[in-house]
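File shown: entry_13.pdb. Contents: PDB, C-alpha atoms, pLDDT in the B column.
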MODEL        1
ATOM      1  CA  MET A  55      55.981 -10.163 -30.225  1.00 54.00           C
ATOM      2  CA  LEU A  56      54.359 -10.852 -26.864  1.00 54.00           C
ATOM      3  CA  LEU A  57      53.301 -14.310 -28.047  1.00 54.00           C
ATOM      4  CA  VAL A  58      56.890 -15.102 -29.085  1.00 52.00           C
ATOM      5  CA  LEU A  59      58.161 -13.983 -25.679  1.00 53.00           C
ATOM      6  CA  ARG A  60      55.580 -16.209 -23.990  1.00 57.00           C
ATOM      7  CA  ALA A  61      56.708 -19.155 -26.087  1.00 55.00           C
ATOM      8  CA  VAL A  62      60.379 -18.568 -25.245  1.00 55.00           C
ATOM      9  CA  LEU A  63      59.606 -18.279 -21.546  1.00 57.00           C
ATOM     10  CA  LEU A  64      57.372 -21.354 -21.564  1.00 56.00           C
ATOM     11  CA  LEU A  65      59.974 -23.394 -23.405  1.00 55.00           C
ATOM     12  CA  GLY A  66      62.664 -22.122 -21.055  1.00 56.00           C
ATOM     13  CA  LEU A  67      60.616 -23.028 -18.014  1.00 57.00           C
ATOM     14  CA  ALA A  68      59.958 -26.496 -19.392  1.00 56.00           C
ATOM     15  CA  SER A  69      63.657 -27.030 -19.976  1.00 54.00           C
ATOM     16  CA  LEU A  70      64.471 -25.560 -16.596  1.00 47.00           C
ATOM     17  CA  LEU A  71      62.090 -27.869 -14.774  1.00 52.00           C
ATOM     18  CA  HIS A  72      63.674 -30.813 -16.560  1.00 50.00           C
ATOM     19  CA  ALA A  73      67.190 -29.574 -15.792  1.00 46.00           C
ATOM     20  CA  THR A  74      66.508 -29.008 -12.096  1.00 45.00           C
ATOM     21  CA  ARG A  75      66.224 -32.733 -11.679  1.00 50.00           C
ATOM     22  CA  ARG A  76      69.932 -32.750 -12.438  1.00 50.00           C
ATOM     23  CA  ASP A  77      70.734 -29.476 -10.607  1.00 54.00           C
ATOM     24  CA  GLN A  78      71.601 -27.619 -13.807  1.00 59.00           C
ATOM     25  CA  ALA A  79      70.762 -24.259 -15.315  1.00 65.00           C
ATOM     26  CA  VAL A  80      69.278 -23.760 -18.783  1.00 62.00           C
ATOM     27  CA  SER A  81      70.673 -21.437 -21.422  1.00 63.00           C
ATOM     28  CA  LEU A  82      68.430 -20.312 -24.293  1.00 60.00           C
ATOM     29  CA  SER A  83      69.444 -18.662 -27.544  1.00 62.00           C
ATOM     30  CA  LEU A  84      67.078 -15.801 -28.366  1.00 62.00           C
ATOM     31  CA  GLY A  85      67.892 -15.744 -32.083  1.00 64.00           C
ATOM     32  CA  ASN A  86      69.394 -12.249 -32.151  1.00 71.00           C
ATOM     33  CA  GLY A  87      72.782 -13.481 -30.937  1.00 71.00           C
ATOM     34  CA  SER A  88      71.993 -13.046 -27.257  1.00 73.00           C
ATOM     35  CA  ARG A  89      71.539 -15.829 -24.740  1.00 72.00           C
ATOM     36  CA  LEU A  90      69.293 -16.081 -21.723  1.00 68.00           C
ATOM     37  CA  ARG A  91      70.357 -18.143 -18.698  1.00 70.00           C
ATOM     38  CA  LEU A  92      67.594 -19.491 -16.439  1.00 66.00           C
ATOM     39  CA  VAL A  93      68.302 -20.874 -12.981  1.00 68.00           C
ATOM     40  CA  MET A  94      65.595 -22.347 -10.747  1.00 63.00           C
ATOM     41  CA  ASP A  95      65.334 -20.929  -7.231  1.00 66.00           C
ATOM     42  CA  PRO A  96      66.130 -23.888  -4.939  1.00 64.00           C
ATOM     43  CA  SER A  97      63.244 -22.944  -2.640  1.00 59.00           C
ATOM     44  CA  VAL A  98      60.738 -23.735  -5.409  1.00 52.00           C
ATOM     45  CA  GLN A  99      59.464 -27.259  -5.042  1.00 48.00           C
ATOM     46  CA  SER A 100      57.818 -29.182  -7.814  1.00 46.00           C
ATOM     47  CA  GLN A 101      54.423 -29.804  -6.260  1.00 46.00           C
ATOM     48  CA  ARG A 102      51.795 -31.950  -7.822  1.00 48.00           C
ATOM     49  CA  ILE A 103      48.246 -31.590  -6.597  1.00 50.00           C
ATOM     50  CA  SER A 104      46.679 -34.905  -5.768  1.00 51.00           C
ATOM     51  CA  THR A 105      43.649 -35.025  -8.011  1.00 45.00           C
ATOM     52  CA  SER A 106      42.332 -38.346  -6.717  1.00 48.00           C
ATOM     53  CA  ASP A 107      41.319 -37.003  -3.308  1.00 48.00           C
ATOM     54  CA  SER A 108      40.657 -33.346  -4.014  1.00 64.00           C
ATOM     55  CA  SER A 109      38.561 -32.083  -1.108  1.00 82.00           C
ATOM     56  CA  ILE A 110      36.982 -29.260  -3.123  1.00 86.00           C
ATOM     57  CA  ALA A 111      35.770 -31.669  -5.801  1.00 89.00           C
ATOM     58  CA  ASN A 112      34.252 -33.959  -3.167  1.00 87.00           C
ATOM     59  CA  MET A 113      32.638 -31.186  -1.089  1.00 89.00           C
ATOM     60  CA  SER A 114      31.045 -29.416  -4.064  1.00 91.00           C
ATOM     61  CA  LEU A 115      27.309 -29.514  -4.733  1.00 93.00           C
ATOM     62  CA  SER A 116      28.340 -30.478  -8.262  1.00 94.00           C
ATOM     63  CA  PRO A 117      31.151 -32.978  -7.539  1.00 95.00           C
ATOM     64  CA  TRP A 118      33.694 -34.005 -10.141  1.00 95.00           C
ATOM     65  CA  THR A 119      36.570 -36.350 -10.700  1.00 94.00           C
ATOM     66  CA  TYR A 120      39.649 -36.044 -12.899  1.00 94.00           C
ATOM     67  CA  ARG A 121      40.854 -37.955 -15.921  1.00 95.00           C
ATOM     68  CA  ASP A 122      44.330 -37.518 -17.314  1.00 95.00           C
ATOM     69  CA  SER A 123      45.239 -36.706 -20.874  1.00 95.00           C
ATOM     70  CA  CYS A 124      48.806 -37.701 -21.752  1.00 95.00           C
ATOM     71  CA  VAL A 125      50.370 -36.595 -25.047  1.00 95.00           C
ATOM     72  CA  PRO A 126      54.123 -37.381 -25.311  1.00 94.00           C
ATOM     73  CA  SER A 127      54.781 -34.616 -27.864  1.00 93.00           C
ATOM     74  CA  ARG A 128      53.062 -31.914 -25.786  1.00 92.00           C
ATOM     75  CA  TRP A 129      54.386 -29.897 -22.851  1.00 87.00           C
ATOM     76  CA  PRO A 130      53.048 -30.354 -20.309  1.00 90.00           C
ATOM     77  CA  ARG A 131      52.669 -34.008 -21.252  1.00 92.00           C
ATOM     78  CA  ARG A 132      50.020 -34.729 -18.619  1.00 93.00           C
ATOM     79  CA  ILE A 133      46.948 -32.516 -18.186  1.00 95.00           C
ATOM     80  CA  SER A 134      44.075 -33.367 -15.841  1.00 94.00           C
ATOM     81  CA  HIS A 135      40.507 -32.713 -17.007  1.00 96.00           C
ATOM     82  CA  ALA A 136      37.545 -32.544 -14.622  1.00 96.00           C
ATOM     83  CA  GLN A 137      34.417 -34.609 -15.317  1.00 96.00           C
ATOM     84  CA  CYS A 138      31.125 -33.803 -13.592  1.00 96.00           C
ATOM     85  CA  LEU A 139      29.798 -36.791 -11.628  1.00 95.00           C
ATOM     86  CA  THR A 140      26.149 -35.709 -11.639  1.00 95.00           C
ATOM     87  CA  SER A 141      23.819 -34.053 -14.120  1.00 94.00           C
ATOM     88  CA  GLY A 142      22.035 -32.149 -11.360  1.00 93.00           C
ATOM     89  CA  CYS A 143      23.380 -30.597  -8.180  1.00 94.00           C
ATOM     90  CA  LEU A 144      23.346 -32.267  -4.804  1.00 94.00           C
ATOM     91  CA  SER A 145      20.701 -31.106  -2.364  1.00 91.00           C
ATOM     92  CA  LEU A 146      21.866 -29.195   0.711  1.00 87.00           C
ATOM     93  CA  GLU A 147      19.663 -31.455   2.829  1.00 83.00           C
ATOM     94  CA  GLY A 148      21.533 -34.525   1.582  1.00 79.00           C
ATOM     95  CA  GLY A 149      18.591 -36.089  -0.204  1.00 78.00           C
ATOM     96  CA  GLY A 150      20.163 -36.710  -3.596  1.00 90.00           C
ATOM     97  CA  GLU A 151      20.133 -34.447  -6.633  1.00 91.00           C
ATOM     98  CA  ASP A 152      18.165 -31.206  -6.862  1.00 88.00           C
ATOM     99  CA  ALA A 153      16.381 -31.162 -10.236  1.00 81.00           C
ATOM    100  CA  ALA A 154      16.063 -27.357 -10.108  1.00 88.00           C
ATOM    101  CA  LEU A 155      19.819 -26.970 -10.751  1.00 93.00           C
ATOM    102  CA  GLU A 156      22.242 -28.399 -13.318  1.00 94.00           C
ATOM    103  CA  ALA A 157      25.911 -29.347 -12.954  1.00 95.00           C
ATOM    104  CA  ARG A 158      28.010 -27.691 -15.670  1.00 96.00           C
ATOM    105  CA  PRO A 159      31.742 -27.856 -16.407  1.00 97.00           C
ATOM    106  CA  ILE A 160      34.014 -24.839 -15.915  1.00 97.00           C
ATOM    107  CA  TYR A 161      36.405 -24.323 -18.836  1.00 98.00           C
ATOM    108  CA  TYR A 162      39.842 -22.727 -18.869  1.00 97.00           C
ATOM    109  CA  GLN A 163      42.207 -22.103 -21.789  1.00 97.00           C
ATOM    110  CA  VAL A 164      45.866 -23.047 -21.188  1.00 94.00           C
ATOM    111  CA  LEU A 165      49.046 -22.557 -23.215  1.00 93.00           C
ATOM    112  CA  VAL A 166      50.830 -25.715 -24.370  1.00 92.00           C
ATOM    113  CA  LEU A 167      53.886 -26.473 -26.489  1.00 90.00           C
ATOM    114  CA  HIS A 168      53.789 -29.129 -29.208  1.00 92.00           C
ATOM    115  CA  LYS A 169      57.067 -30.780 -30.205  1.00 90.00           C
ATOM    116  CA  ILE A 170      57.217 -31.185 -33.995  1.00 89.00           C
ATOM    117  CA  LEU A 171      59.870 -33.273 -35.748  1.00 88.00           C
ATOM    118  CA  ARG A 172      61.856 -31.428 -38.415  1.00 81.00           C
ATOM    119  CA  GLN A 173      64.197 -33.302 -40.773  1.00 69.00           C
ATOM    120  CA  VAL A 174      67.486 -31.468 -41.347  1.00 69.00           C
ATOM    121  CA  HIS A 175      70.026 -32.611 -43.928  1.00 63.00           C
ATOM    122  CA  ASN A 176      73.501 -32.832 -42.377  1.00 63.00           C
ATOM    123  CA  HIS A 177      76.189 -32.290 -45.031  1.00 62.00           C
ATOM    124  CA  ARG A 178      79.086 -33.067 -42.652  1.00 63.00           C
ATOM    125  CA  ALA A 179      77.914 -36.467 -41.460  1.00 58.00           C
ATOM    126  CA  GLY A 180      77.864 -38.205 -44.829  1.00 61.00           C
ATOM    127  CA  GLY A 181      74.465 -36.906 -45.836  1.00 60.00           C
ATOM    128  CA  LYS A 182      72.588 -38.430 -42.892  1.00 63.00           C
ATOM    129  CA  LYS A 183      69.524 -36.668 -41.653  1.00 67.00           C
ATOM    130  CA  ARG A 184      69.567 -35.409 -38.066  1.00 67.00           C
ATOM    131  CA  ARG A 185      66.440 -35.297 -35.953  1.00 72.00           C
ATOM    132  CA  GLN A 186      65.645 -31.781 -34.801  1.00 81.00           C
ATOM    133  CA  PHE A 187      62.494 -30.414 -33.273  1.00 82.00           C
ATOM    134  CA  ASP A 188      60.503 -27.229 -33.445  1.00 85.00           C
ATOM    135  CA  PHE A 189      58.062 -26.192 -30.754  1.00 85.00           C
ATOM    136  CA  ARG A 190      54.675 -24.809 -31.724  1.00 89.00           C
ATOM    137  CA  LEU A 191      52.812 -22.736 -29.152  1.00 91.00           C
ATOM    138  CA  GLY A 192      49.133 -23.566 -28.945  1.00 93.00           C
ATOM    139  CA  THR A 193      46.209 -23.531 -26.578  1.00 95.00           C
ATOM    140  CA  GLU A 194      43.909 -26.178 -25.192  1.00 96.00           C
ATOM    141  CA  VAL A 195      40.601 -25.726 -23.457  1.00 97.00           C
ATOM    142  CA  ILE A 196      40.409 -27.897 -20.361  1.00 97.00           C
ATOM    143  CA  THR A 197      37.705 -28.508 -17.776  1.00 97.00           C
ATOM    144  CA  VAL A 198      38.928 -27.463 -14.314  1.00 95.00           C
ATOM    145  CA  GLY A 199      35.831 -28.218 -12.231  1.00 95.00           C
ATOM    146  CA  CYS A 200      32.042 -28.166 -12.159  1.00 96.00           C
ATOM    147  CA  THR A 201      29.499 -25.673 -10.856  1.00 96.00           C
ATOM    148  CA  CYS A 202      25.757 -25.467 -10.260  1.00 95.00           C
ATOM    149  CA  VAL A 203      23.635 -23.341 -12.577  1.00 95.00           C
ATOM    150  CA  ARG A 204      19.949 -22.717 -13.147  1.00 92.00           C
ATOM    151  CA  PRO A 205      18.663 -24.622 -16.174  1.00 86.00           C
ATOM    152  CA  SER A 206      18.439 -22.501 -19.293  1.00 80.00           C
ATOM    153  CA  VAL A 207      14.834 -22.023 -20.270  1.00 73.00           C
ATOM    154  CA  ILE A 208      13.961 -21.165 -23.839  1.00 70.00           C
ATOM    155  CA  PRO A 209      10.815 -19.040 -23.848  1.00 69.00           C
ATOM    156  CA  GLN A 210       8.093 -20.287 -26.155  1.00 70.00           C
ATOM    157  CA  ARG A 211       6.609 -17.869 -28.646  1.00 73.00           C
ATOM    158  CA  PRO A 212       2.848 -17.254 -28.468  1.00 69.00           C
TER     159      PRO A 212
ENDMDL
END
Could you quickly redo this structure as structure tokens?
Amino acid sequence: MLLVLRAVLLLGLASLLHATRRDQAVSLSLGNGSRLRLVMDPSVQSQRISTSDSSIANMSLSPWTYRDSCVPSRWPRRISHAQCLTSGCLSLEGGGEDAALEARPIYYQVLVLHKILRQVHNHRAGGKKRRQFDFRLGTEVITVGCTCVRPSVIPQRP
């Protein structure tokens, strides 16, 4: 039940963000005959973090950059993924990479909605099929940054 509620809220928020561009509210049917009306607080601004000049990524001892993944049938359509720029970590003295440490990605699991086409037969419109969509809630694992770790050492057996 909690997963269904998450999906409804996520879908509602997606619709609401789209509707706020036109200064409208969003009304959702909950399936049990009740409706939910969502209105965006006007003080909330749609802010997009600039990933090209992220100061944290550039100041890190294991710096990274971002690449975008864009899937038109997914919400959010655009997701940024971090890519480590070095295999080792930068030395504090500024002399290049420190071979005693490794740069490793940091993973995070996010909820996404996938828009799936469903064909519905319309009896009133001369038998033409209407395009309708379902939304499937899923997860994706993304890389959000990089960190320095000690290399894993596999002990040898005597």
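Using all atoms listed in the file, the smallest distance between any of A:Cys200, A:Cys124, A:Glu156, A:Asn86 and Cys138 in chain A comes from A:Cys200.
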Exercise. Which value, in Å to one decimal, gives the distance between CA of Tyr161 in chain A and CA of Thr201 in chain A?
Worked result: 10.6 Å
For this session: Output the residue selection produced by the PyMOL selection byres ((chain A and resi 127) around 9) on the file above, formatted as an NGL selection string.
Result: :A and (125-126 or 128-131 or 167-170)
Output file for the residues above (C-alpha atoms, as a JSON list (two decimals), in the frame of the given file):
[["chain", "number", "residue", "atom", "x", "y", "z"],
["A", 125, "VAL", "CA", 50.37, -36.60, -25.05],
["A", 126, "PRO", "CA", 54.12, -37.38, -25.31],
["A", 128, "ARG", "CA", 53.06, -31.91, -25.79],
["A", 129, "TRP", "CA", 54.39, -29.90, -22.85],
["A", 130, "PRO", "CA", 53.05, -30.35, -20.31],
["A", 131, "ARG", "CA", 52.67, -34.01, -21.25],
["A", 167, "LEU", "CA", 53.89, -26.47, -26.49],
["A", 168, "HIS", "CA", 53.79, -29.13, -29.21],
["A", 169, "LYS", "CA", 57.07, -30.78, -30.20],
["A", 170, "ILE", "CA", 57.22, -31.18, -33.99]]
For this session: Tell me which residues the PyMOL selection byres ((chain A and resi 204) around 6) grabs here, as a list of chain:residue names.
Result: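 Matching residues under the PyMOL selection byres ((chain A and resi 204) around 6) are A:Leu155, A:Val203, A:Pro205.
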Problem set entry | Best match for closeness to His135 in chain A among A:Arg172, A:Phe187, A:Gly148, A:Gly199, counting all atoms listed in the file |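 Among the listed residues, the smallest separation from His135 in chain A belongs to A:Gly199.
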For this session: Given the file shown, determine the residues that the PyMOL selection byres ((chain A and resi 165) around 9) selects; report them as number ranges by chain.
Result: A: 61, 64, 163-164, 166-167, 191-194
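Across the structure, CA of Pro117 in chain A and CA of Cys143 in chain A are spaced 8.2 Å apart.
Of note, CA of Asp188 in chain A and CA of Ile133 in chain A are spaced 21.1 Å apart.
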For this session: Choose the residue, out of A:Val207, A:Leu146, A:Val198, A:Ala111, that has the smallest atom-to-atom separation from Pro159 in chain A; count all atoms listed in the file.
Result: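 Result for the nearest residue to Pro159 in chain A: A:Val198.
Using all atoms listed in the file, the shortest contact distance between Thr140 in chain A and any of A:Ile110, A:Ile196, A:Cys202, A:Ile160 is found at A:Cys202.
Between Leu139 in chain A and the candidates A:Gln210, A:Ser88, A:Gln186, A:Thr119, the tightest atom-to-atom separation, counting all atoms listed in the file, involves A:Thr119.
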